[in-house]
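Chemist: If you scroll down you'll find the structure; I have some questions about it.
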Amino acid sequence: MVKKRLIPCLDVTGGRVVKGVRFETLRDVGDPVELAQRYSDVGADELVFLDITATVDGRGPTLELVERAADRLTIPFTVGGGISCLEDARSLLRAGADKVAVNRAAFDDPALLTELAAEFGAQAVVCAIDSRGGRVVTHGGRTERDADSVAWAREAVARGAGELLVTSIDADGTREGYDLELTAAMAEAVDVPVIASGGAGEARHLAEAFAAGAEAALVASIVHERPERVQELKAELREAGWNVRI
Amino acid sequence: MKVVLADYGAGNMRSVCSALVRAGAEPVVTTDPAEVADAPLVVVAGVGHVAQAAAGLGPLADVLRERVAAGRPVLGICVGLQLLFGESEEGGEGLGLLGGGVRRLTARTVPHMGWNELACARQSRILDGLDGADVYFAHSYAVQPDDDELVVGWVDHGGSIVAAIENGALAGVQFHPERSGAAGARLLENVLQWSRSA
């Protein structure tokens, strides 16, 4: 049986990690690849690099980061943030990303998912969906779109997405647990893996997301303060009977 | 030792090259038929579709056939494994070097995505020490050999799926050794050893 995954997410801009990360033992505390390696060492199953200002700064520093990550990491990683067209995705995948996460561009033009899946296979195409009150939002939650999140998820998968990264803007940052209603509705609606995102505070929350049907759980702030937390979370999940990689 | 990666235009060979370097090899990516013919070990890696990969190989397809006929080592990774077989349900055909086809997975959740446990079918060179190891999968299709004797490792995702095959000088893995941590490194080291004596 495929194992439930724990996926730390690193926000980067200009090739540097930008928030919430303080690793005292690292020489260069802001280097995403060093941080990523650290997460890998403590048992992260996979990583997401979210380029939070990609469309503003251009993608040069991110491509360089992706190349270094591809050379050094021995776990898979996804790159997302500001991918607006096939060419953006192609350059990131060519640089060594295992998957790309497409958000607004896919919502605006769902055919992009089909093109990406045709060229790189569905397994390389993650559709990121941000949801508030069950409705799609984009631009980091600032723009409400007139669409039901679950309906959009179904279409995204029909168009070619091989995985969904579902962030509840309602739960994000609360540390009170994932949006289980949303997670369950998504997992029920599609036949691709669902990554739950937004709201993780403790191991119990990840277990709840898995029980709701998520195959993976994204974690950010709770592991940024102390990467060893990844190891502890997985040990707790294992203890609770979840099939996780130790 | 030198390892040649046959470039069929899918692009991302970087991770595989880096993993081979860590395993002690000297990888070279090429579209040159002579280089593919001469290499001690050829790796066909990548993602995408079997049909695209087969088309992208162009003249390298015949060189790979000749290598296999001459008993010279070839390793297929992911779509590279599927390429060794015949007809694919995804459309198109592989090289037909091994009997069997490529079928879409029937599990509740497809793609089969994430870390999953190898179950060795029998003693093999390439999976030596890897029975029960977790490795990373990311695929929607899997090979279905006519002869199960080729299979050296299985994995469970809504039923048994072929994770690795070994047949003389031909080997292949459905998972991604370059993204499978220490177990993936061990696989590549095993393959290098196997290729020296295959």
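By order of appearance in the structure tokens: chains A, B, ..., then residues from 1 within every chain, and ligands from 1 in the order shown.
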May I have a table of the residues of chain A lying at most 7 Å from chain B, giving each one's closest pair of atoms and their distance in Å to one decimal, counting only C-alpha atoms, ordered by chain and ascending residue number, as JSON lines?

Modeler:
```
{"residue": "A:Met1", "atom": "CA", "partner": "B:Asp156", "partner_atom": "CA", "distance": 5.4}
{"residue": "A:Val2", "atom": "CA", "partner": "B:Asn116", "partner_atom": "CA", "distance": 4.5}
{"residue": "A:Lys3", "atom": "CA", "partner": "B:Trp115", "partner_atom": "CA", "distance": 5.6}
{"residue": "A:Ala70", "atom": "CA", "partner": "B:Ser15", "partner_atom": "CA", "distance": 5.2}
{"residue": "A:Asp71", "atom": "CA", "partner": "B:Ser18", "partner_atom": "CA", "distance": 5.2}
{"residue": "A:Thr74", "atom": "CA", "partner": "B:Arg179", "partner_atom": "CA", "distance": 4.6}
{"residue": "A:Ile75", "atom": "CA", "partner": "B:Arg179", "partner_atom": "CA", "distance": 4.4}
{"residue": "A:Pro76", "atom": "CA", "partner": "B:Arg179", "partner_atom": "CA", "distance": 5.4}
{"residue": "A:Leu93", "atom": "CA", "partner": "B:Asn12", "partner_atom": "CA", "distance": 6.6}
{"residue": "A:Arg94", "atom": "CA", "partner": "B:Asn12", "partner_atom": "CA", "distance": 4.8}
{"residue": "A:Ala95", "atom": "CA", "partner": "B:Asn12", "partner_atom": "CA", "distance": 6.8}
{"residue": "A:Gly96", "atom": "CA", "partner": "B:Asn12", "partner_atom": "CA", "distance": 5.7}
{"residue": "A:Glu119", "atom": "CA", "partner": "B:Gly48", "partner_atom": "CA", "distance": 6.1}
{"residue": "A:Phe120", "atom": "CA", "partner": "B:Gly48", "partner_atom": "CA", "distance": 4.4}
{"residue": "A:Gly121", "atom": "CA", "partner": "B:Gly48", "partner_atom": "CA", "distance": 4.4}
{"residue": "A:Gln123", "atom": "CA", "partner": "B:Ala138", "partner_atom": "CA", "distance": 5.7}
{"residue": "A:Gly162", "atom": "CA", "partner": "B:Pro111", "partner_atom": "CA", "distance": 6.2}
{"residue": "A:Asp191", "atom": "CA", "partner": "B:Thr109", "partner_atom": "CA", "distance": 4.8}
{"residue": "A:Val192", "atom": "CA", "partner": "B:Thr109", "partner_atom": "CA", "distance": 5.1}
{"residue": "A:Pro193", "atom": "CA", "partner": "B:Thr109", "partner_atom": "CA", "distance": 6.2}
```

Chemist: Restricting it to C-alpha atoms, dump the selection as a PDB file, in the first residue's frame.

Modeler:
```pdb
ATOM      1  CA  MET A   1       0.000   0.000   0.000  1.00  0.00           C
ATOM      2  CA  VAL A   2       1.226   3.421  -0.918  1.00  0.00           C
ATOM      3  CA  LYS A   3       2.234   5.378   2.173  1.00  0.00           C
ATOM      4  CA  ALA A  70      17.407  18.412  -8.638  1.00  0.00           C
ATOM      5  CA  ASP A  71      21.131  17.718  -8.300  1.00  0.00           C
ATOM      6  CA  THR A  74      16.911  12.371  -3.318  1.00  0.00           C
ATOM      7  CA  ILE A  75      13.190  12.914  -2.718  1.00  0.00           C
ATOM      8  CA  PRO A  76      10.709  14.347  -5.211  1.00  0.00           C
ATOM      9  CA  LEU A  93      10.433  20.487 -15.405  1.00  0.00           C
ATOM     10  CA  ARG A  94      13.454  20.590 -17.723  1.00  0.00           C
ATOM     11  CA  ALA A  95      15.455  22.145 -14.887  1.00  0.00           C
ATOM     12  CA  GLY A  96      14.657  19.070 -12.801  1.00  0.00           C
ATOM     13  CA  GLU A 119       3.659  16.406 -22.809  1.00  0.00           C
ATOM     14  CA  PHE A 120       4.871  15.344 -19.369  1.00  0.00           C
ATOM     15  CA  GLY A 121       2.302  12.834 -18.132  1.00  0.00           C
ATOM     16  CA  GLN A 123       1.933  12.439 -12.746  1.00  0.00           C
ATOM     17  CA  GLY A 162      -2.667  13.996 -11.815  1.00  0.00           C
ATOM     18  CA  ASP A 191      -9.703   9.532  -8.440  1.00  0.00           C
ATOM     19  CA  VAL A 192      -6.286  11.228  -8.207  1.00  0.00           C
ATOM     20  CA  PRO A 193      -4.342  11.816  -4.975  1.00  0.00           C
TER      21      PRO A 193
END
```

Chemist: I need the residues in region 49-182 of chain A that are strand (DSSP E) according to DSSP; give them as a PDB file with C-alpha atoms, in the first residue's frame.

Modeler:
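Wrote result24.pdb, looks like this:
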```
ATOM      1  CA  PHE A  49       8.760  25.031  -3.386  1.00  0.00           C
ATOM      2  CA  LEU A  50       6.252  27.819  -3.725  1.00  0.00           C
ATOM      3  CA  ASP A  51       7.630  30.750  -5.686  1.00  0.00           C
ATOM      4  CA  PHE A  77       9.814  18.010  -5.320  1.00  0.00           C
ATOM      5  CA  THR A  78       7.087  20.130  -6.842  1.00  0.00           C
ATOM      6  CA  VAL A  79       7.477  23.735  -7.906  1.00  0.00           C
ATOM      7  CA  GLY A  80       4.518  26.094  -7.942  1.00  0.00           C
ATOM      8  CA  LYS A  99       6.080  18.121 -10.799  1.00  0.00           C
ATOM      9  CA  VAL A 100       4.650  21.576 -11.339  1.00  0.00           C
ATOM     10  CA  ALA A 101       1.711  23.001  -9.415  1.00  0.00           C
ATOM     11  CA  VAL A 102      -0.530  25.211 -11.523  1.00  0.00           C
ATOM     12  CA  VAL A 125       0.824  17.940 -13.180  1.00  0.00           C
ATOM     13  CA  VAL A 126      -0.522  19.165  -9.849  1.00  0.00           C
ATOM     14  CA  CYS A 127      -3.534  21.434  -9.871  1.00  0.00           C
ATOM     15  CA  ALA A 128      -3.485  23.745  -6.866  1.00  0.00           C
ATOM     16  CA  ILE A 129      -6.906  24.879  -5.733  1.00  0.00           C
ATOM     17  CA  ASP A 130      -7.443  27.532  -3.080  1.00  0.00           C
ATOM     18  CA  SER A 131     -10.879  27.434  -1.530  1.00  0.00           C
ATOM     19  CA  ARG A 132     -12.847  29.665   0.796  1.00  0.00           C
ATOM     20  CA  ARG A 135     -15.679  28.460  -3.574  1.00  0.00           C
ATOM     21  CA  VAL A 136     -12.553  28.892  -5.668  1.00  0.00           C
ATOM     22  CA  VAL A 137     -10.319  31.849  -4.816  1.00  0.00           C
ATOM     23  CA  THR A 138      -7.127  32.900  -6.602  1.00  0.00           C
ATOM     24  CA  THR A 143      -9.859  37.180  -5.667  1.00  0.00           C
ATOM     25  CA  GLU A 144     -13.132  35.292  -5.457  1.00  0.00           C
ATOM     26  CA  ARG A 145     -14.047  33.299  -8.534  1.00  0.00           C
ATOM     27  CA  ASP A 146     -17.529  32.253  -9.414  1.00  0.00           C
ATOM     28  CA  ALA A 147     -16.968  28.522  -9.107  1.00  0.00           C
ATOM     29  CA  ASP A 148     -17.568  25.669  -6.720  1.00  0.00           C
ATOM     30  CA  GLU A 163      -2.845  15.336  -8.275  1.00  0.00           C
ATOM     31  CA  LEU A 164      -4.693  18.074  -6.405  1.00  0.00           C
ATOM     32  CA  LEU A 165      -3.174  20.409  -3.829  1.00  0.00           C
ATOM     33  CA  VAL A 166      -6.206  21.706  -1.972  1.00  0.00           C
ATOM     34  CA  THR A 167      -5.674  24.660   0.337  1.00  0.00           C
ATOM     35  CA  SER A 168      -8.449  25.876   2.570  1.00  0.00           C
TER      36      SER A 168
END
```

Chemist: By how many Å are CA of Leu233 (chain A) and CA of Arg38 (chain A) apart?

Modeler: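 Atom-to-atom, CA of Leu233 (chain A) and CA of Arg38 (chain A) are spaced 15.4 Å apart.
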
Chemist: Kindly indicate which residue among A:Gly134, A:Gly82, A:Gly140, A:Pro32 lies nearest to Val66 (chain A), using only C-alpha atoms for the distances.

Modeler: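 Nearest to Val66 (chain A): A:Pro32.
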
Chemist: What lies within 9 Å of Gly94 (chain B) using only C-alpha atoms, ignoring chain neighbours under 2 positions off, as a list in words?

Modeler: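 So, after excluding close chain neighbours, the residues are Val50, Ala51, Ala53, Ala54, Gln82, Leu83, Leu84, Phe85, Gly86, Glu87, Ser88, Gly92, Gly96, Leu97, Gly101 and Val102 of chain B.
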
Chemist: Only N, CA and C atoms, please: the residues just picked out, written as a compact mmCIF listing (two decimals), in the first residue's frame.

Modeler:
```txt
# COMPACT_ATOMS: atom_id res chain seq x y z
N VAL B 50 4.79 6.42 -23.54
CA VAL B 50 5.56 5.41 -24.25
C VAL B 50 5.69 5.78 -25.74
N ALA B 51 4.57 6.18 -26.34
CA ALA B 51 4.58 6.45 -27.78
C ALA B 51 5.53 7.59 -28.13
N ALA B 53 8.05 8.59 -26.31
CA ALA B 53 9.41 8.15 -26.03
C ALA B 53 9.93 7.31 -27.19
N ALA B 54 9.11 6.38 -27.67
CA ALA B 54 9.52 5.51 -28.77
C ALA B 54 9.81 6.34 -30.02
N GLN B 82 8.62 0.81 -19.43
CA GLN B 82 7.44 0.53 -20.27
C GLN B 82 7.82 0.44 -21.74
N LEU B 83 8.82 1.21 -22.11
CA LEU B 83 9.31 1.25 -23.49
C LEU B 83 9.88 -0.10 -23.95
N LEU B 84 10.31 -0.91 -23.01
CA LEU B 84 10.90 -2.21 -23.38
C LEU B 84 9.84 -3.20 -23.86
N PHE B 85 8.57 -2.90 -23.52
CA PHE B 85 7.48 -3.83 -23.85
C PHE B 85 6.78 -3.40 -25.13
N GLY B 86 5.62 -4.04 -25.41
CA GLY B 86 4.93 -3.80 -26.68
C GLY B 86 3.85 -2.74 -26.59
N GLU B 87 2.66 -3.14 -26.92
CA GLU B 87 1.55 -2.20 -27.03
C GLU B 87 1.17 -1.59 -25.68
N SER B 88 0.85 -0.30 -25.70
CA SER B 88 0.45 0.38 -24.47
C SER B 88 -0.99 0.84 -24.57
N GLY B 92 -0.06 3.74 -28.74
CA GLY B 92 1.29 3.55 -29.27
C GLY B 92 1.94 2.27 -28.80
N GLY B 96 9.12 -3.43 -27.94
CA GLY B 96 8.82 -4.85 -28.07
C GLY B 96 10.01 -5.76 -27.80
N LEU B 97 10.92 -5.31 -26.95
CA LEU B 97 12.09 -6.13 -26.62
C LEU B 97 11.72 -7.26 -25.66
N GLY B 101 2.56 -6.13 -22.55
CA GLY B 101 2.13 -4.78 -22.87
C GLY B 101 2.16 -3.87 -21.67
N VAL B 102 1.56 -2.70 -21.84
CA VAL B 102 1.51 -1.69 -20.78
C VAL B 102 0.03 -1.37 -20.52
```

Chemist: Name the residues in contact with Leu65 (chain A) at a cut-off of 9 Å, using only C-alpha atoms, excluding same-chain residues fewer than 2 positions from it; report them as a PDB file with N, CA and C atoms, in the first residue's frame.

Modeler:
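Saved to result.pdb:
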```
ATOM      1  N   GLY A  15      14.908  33.026  -5.350  1.00  0.00           N
ATOM      2  CA  GLY A  15      15.799  31.919  -5.056  1.00  0.00           C
ATOM      3  C   GLY A  15      16.112  31.730  -3.579  1.00  0.00           C
ATOM      4  N   ARG A  16      15.443  32.493  -2.713  1.00  0.00           N
ATOM      5  CA  ARG A  16      15.696  32.409  -1.266  1.00  0.00           C
ATOM      6  C   ARG A  16      14.417  32.065  -0.515  1.00  0.00           C
ATOM      7  N   ASP A  31      18.932  29.505   2.389  1.00  0.00           N
ATOM      8  CA  ASP A  31      19.073  28.770   1.134  1.00  0.00           C
ATOM      9  C   ASP A  31      18.077  27.621   1.062  1.00  0.00           C
ATOM     10  N   PRO A  32      17.179  27.669   0.092  1.00  0.00           N
ATOM     11  CA  PRO A  32      16.116  26.662   0.017  1.00  0.00           C
ATOM     12  C   PRO A  32      16.638  25.237  -0.139  1.00  0.00           C
ATOM     13  N   VAL A  33      17.729  25.075  -0.856  1.00  0.00           N
ATOM     14  CA  VAL A  33      18.209  23.712  -1.099  1.00  0.00           C
ATOM     15  C   VAL A  33      18.783  23.110   0.181  1.00  0.00           C
ATOM     16  N   GLY A  60      14.463  33.495 -13.317  1.00  0.00           N
ATOM     17  CA  GLY A  60      15.863  33.079 -13.331  1.00  0.00           C
ATOM     18  C   GLY A  60      16.343  32.456 -12.036  1.00  0.00           C
ATOM     19  N   PRO A  61      16.198  33.152 -10.901  1.00  0.00           N
ATOM     20  CA  PRO A  61      16.692  32.596  -9.639  1.00  0.00           C
ATOM     21  C   PRO A  61      16.003  31.281  -9.278  1.00  0.00           C
ATOM     22  N   THR A  62      14.741  31.167  -9.636  1.00  0.00           N
ATOM     23  CA  THR A  62      14.015  29.936  -9.316  1.00  0.00           C
ATOM     24  C   THR A  62      14.540  28.768 -10.141  1.00  0.00           C
ATOM     25  N   LEU A  63      14.829  29.011 -11.405  1.00  0.00           N
ATOM     26  CA  LEU A  63      15.366  27.940 -12.247  1.00  0.00           C
ATOM     27  C   LEU A  63      16.705  27.445 -11.710  1.00  0.00           C
ATOM     28  N   GLU A  67      17.480  23.659 -10.401  1.00  0.00           N
ATOM     29  CA  GLU A  67      18.602  22.841 -10.879  1.00  0.00           C
ATOM     30  C   GLU A  67      19.436  22.319  -9.721  1.00  0.00           C
ATOM     31  N   ARG A  68      19.706  23.191  -8.761  1.00  0.00           N
ATOM     32  CA  ARG A  68      20.496  22.746  -7.605  1.00  0.00           C
ATOM     33  C   ARG A  68      19.727  21.721  -6.773  1.00  0.00           C
ATOM     34  N   ALA A  69      18.434  21.946  -6.628  1.00  0.00           N
ATOM     35  CA  ALA A  69      17.606  21.005  -5.861  1.00  0.00           C
ATOM     36  C   ALA A  69      17.582  19.644  -6.556  1.00  0.00           C
ATOM     37  N   ALA A  70      17.455  19.671  -7.879  1.00  0.00           N
ATOM     38  CA  ALA A  70      17.407  18.412  -8.638  1.00  0.00           C
ATOM     39  C   ALA A  70      18.712  17.640  -8.486  1.00  0.00           C
TER      40      ALA A  70
END
```

Chemist: Between CA of Ala151 (chain A) and CA of Leu182 (chain A), measure the distance and give it in Å to one decimal.

Modeler: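 Atom-to-atom, CA of Ala151 (chain A) and CA of Leu182 (chain A) are spaced 11.8 Å apart.
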
Chemist: Quick check for you: according to DSSP on this backbone, which residues of region 2-237 of chain A are classed as helix (DSSP H, G or I)? Reply as an MDAnalysis selection string.

Modeler: chainID A and resid 32:41 54:57 60:72 86:94 104:108 111:120 122:124 149:159 180:189 203:211 221:224 229:237

Chemist: Of the candidates A:Leu92, A:Leu47, A:Val12, A:Val42, which one gets nearest to Ile195 (chain A) if we count only C-alpha atoms?

Modeler: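 The answer is A:Leu47, which sits nearest to Ile195 (chain A).
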
Chemist: Out of B:Leu127, B:Leu75, B:Leu98, B:Leu187, which residue has the shortest atom-to-atom distance to Pro145 (chain B) when counting only C-alpha atoms?

Modeler: B:Leu98

Chemist: Of the residues A:Val48, A:Leu116, A:Leu237, A:Ala200, which is the one nearest to Glu176 (chain A), using only C-alpha atoms?

Modeler: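 Closest to Glu176 (chain A) of all the choices is A:Ala200.
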
Chemist: So which residues touch Pro59 (chain B) within 8 Å, counting only C-alpha atoms, skipping near sequence neighbours fewer than 3 positions away, as a ChimeraX atom specification?

Modeler: /B:33,62-63

Chemist: Let me see the file: selected residues, C-alpha atoms, as an mmCIF file, in the first residue's frame.

Modeler:
```
data_model
loop_
_atom_site.group_PDB
_atom_site.id
_atom_site.type_symbol
_atom_site.label_atom_id
_atom_site.label_comp_id
_atom_site.auth_asym_id
_atom_site.auth_seq_id
_atom_site.Cartn_x
_atom_site.Cartn_y
_atom_site.Cartn_z
ATOM 1 C CA PRO B 33 23.867 6.188 -31.879
ATOM 2 C CA ASP B 62 17.522 0.186 -33.457
ATOM 3 C CA VAL B 63 20.748 0.630 -31.531
#
```

Chemist: Show which residues sit within 9 Å of Leu41 (chain B), as a ChimeraX atom specification. Count only C-alpha atoms, and ignore same-chain residues fewer than 4 positions away.

Modeler: /B:1-5,36,72-75,192,195-196

Chemist: One number please: CA of Ile52 (chain A) to CA of Val18 (chain A), in Å, one decimal.

Modeler: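 Those two atoms sit 9.0 Å apart.
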